[in-house]
Structure formats: structure tokens, C-alpha cells
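Asker: Structure file run_32.tsv (TSV, C-alpha atoms) right here:
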```tsv
chain	number	residue	atom	x	y	z
A	1	LYS	CA	14.46	12.43	26.66
A	2	TRP	CA	14.94	15.88	25.16
A	3	SER	CA	15.26	18.65	27.67
A	4	SER	CA	15.14	22.32	26.80
A	5	GLU	CA	18.86	22.54	27.55
A	6	LYS	CA	19.70	19.78	25.05
A	7	PHE	CA	17.46	21.40	22.42
A	8	SER	CA	19.15	24.75	23.04
A	9	ASP	CA	22.56	23.11	22.66
A	10	LEU	CA	21.44	21.53	19.39
A	11	LEU	CA	20.25	24.87	18.03
A	12	GLU	CA	23.51	26.49	19.15
A	13	SER	CA	25.48	23.79	17.31
A	14	ILE	CA	23.45	24.23	14.12
A	15	TYR	CA	23.93	27.99	14.28
A	16	TYR	CA	27.71	27.80	14.63
A	17	SER	CA	27.93	25.16	11.90
A	18	PHE	CA	26.11	27.35	9.39
A	19	PHE	CA	27.97	30.43	10.55
A	20	THR	CA	31.28	28.67	9.99
A	21	ILE	CA	30.29	27.29	6.59
A	22	ILE	CA	28.96	30.58	5.27
A	23	THR	CA	31.50	32.77	7.13
A	24	VAL	CA	29.39	35.89	7.37
A	25	GLY	CA	30.68	38.60	9.67
A	26	GLN	CA	27.73	40.16	11.46
A	27	GLY	CA	29.69	42.73	13.42
A	28	THR	CA	28.52	43.88	16.84
A	29	PRO	CA	24.76	43.26	16.57
A	30	SER	CA	24.14	39.54	16.44
A	31	PRO	CA	21.44	37.10	17.54
A	32	THR	CA	21.56	36.17	21.21
A	33	SER	CA	18.91	33.50	21.82
A	34	ALA	CA	19.01	30.00	20.38
A	35	LEU	CA	15.84	30.60	18.38
A	36	THR	CA	17.11	33.78	16.72
A	37	LYS	CA	20.41	32.08	15.95
A	38	PHE	CA	18.50	29.24	14.31
A	39	PHE	CA	16.48	31.62	12.14
A	40	SER	CA	19.65	33.53	11.26
A	41	SER	CA	21.20	30.28	10.10
A	42	ILE	CA	18.20	29.51	7.92
A	43	GLU	CA	18.33	33.01	6.44
A	44	LEU	CA	22.07	32.71	5.72
A	45	LEU	CA	21.57	29.32	4.07
A	46	ILE	CA	18.72	30.57	1.89
A	47	GLY	CA	20.81	33.60	0.94
A	48	ALA	CA	23.73	31.41	-0.08
A	49	ILE	CA	21.43	29.21	-2.18
A	50	LEU	CA	19.86	32.23	-3.89
A	51	ILE	CA	23.25	33.79	-4.70
A	52	THR	CA	24.42	30.47	-6.12
A	53	ALA	CA	21.28	30.12	-8.24
A	54	PHE	CA	21.61	33.69	-9.49
A	55	THR	CA	25.26	33.18	-10.40
A	56	ALA	CA	24.53	29.89	-12.18
A	57	THR	CA	21.67	31.45	-14.15
A	58	LEU	CA	23.78	34.43	-15.13
A	59	PHE	CA	26.66	32.17	-16.18
A	60	ARG	CA	24.30	30.05	-18.33
A	61	LYS	CA	22.92	33.14	-20.09
A	62	ILE	CA	26.40	34.57	-20.74
A	63	THR	CA	27.86	31.34	-22.10
A	64	LYS	CA	24.92	30.51	-24.39
```
What's the C-alpha cells form of this structure?
Answerer:
Amino acid sequence: KWSSEKFSDLLESIYYSFFTIITVGQGTPSPTSALTKFFSSIELLIGAILITAFTATLFRKITK
């Protein structure tokens, strides 16, 4: 059975996994609750995907 503590631990784990993979330094202000950490992780992941897509598109246009 999922308790709120287990769900919070899961969100905390996801947050630190994404944070480690993307290695973004947020400085002093940073998310404090599990929910805000989760949304920060999603935002970081989307940002990384968009930067990758932009770079790939730019590279394709330059090398054509």
C-alpha cells in the first residue's frame, strides 16, 4: 500500500535523479516540497530535450 511518505520518497528520488543527470546548479533558491521538486525535474528534462532538438536542427541546417 502506498502511503504519503512512500510517495514523497519516490518524488524525492526522481528529483535527485534528474538533478544529477542534468547537473543544473540552482543556487540558494531551490524547491523545498516534493511536488515542486517533481515539477522542477520535469521542467529541467523538457529544457534539456528542447536544447538538444535546437542543437540538432541547427547542426542539420549548417551541414546541408
Asker: What does the distance between atom CA of A:Ser17 and atom CA of A:Phe38 come to in Å, to one decimal place?
Answerer: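 Atom CA of A:Phe38 lies at a distance of 10.6 Å from atom CA of A:Ser17.
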Asker: Report the distance between atom CA of A:Ile49 and atom CA of A:Ile14 in Å, rounded to one decimal place.
Answerer: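 Taking atom CA of A:Ile49 as the start and atom CA of A:Ile14 as the end point, the length is 17.2 Å.
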Asker: Please measure the separation of atom CA of A:Leu45 and atom CA of A:Lys6, giving the value in Å to one decimal.
Answerer: 23.1 Å
Asker: Write out as JSON, numbers by chain the residues lying within 8 Å of A:Pro31, counting all atoms listed in the file and excluding same-chain residues fewer than 3 positions away.
Answerer: {"A": [36, 37, 40]}
Asker: Of the candidates A:Ser8, A:Thr52, A:Thr57, A:Ser13, which shows the shortest atom-to-atom distance to A:Ser33, using all atoms listed in the file?
Answerer: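 Ranking A:Ser8, A:Thr52, A:Thr57, A:Ser13 by distance to A:Ser33, first place goes to A:Ser8.
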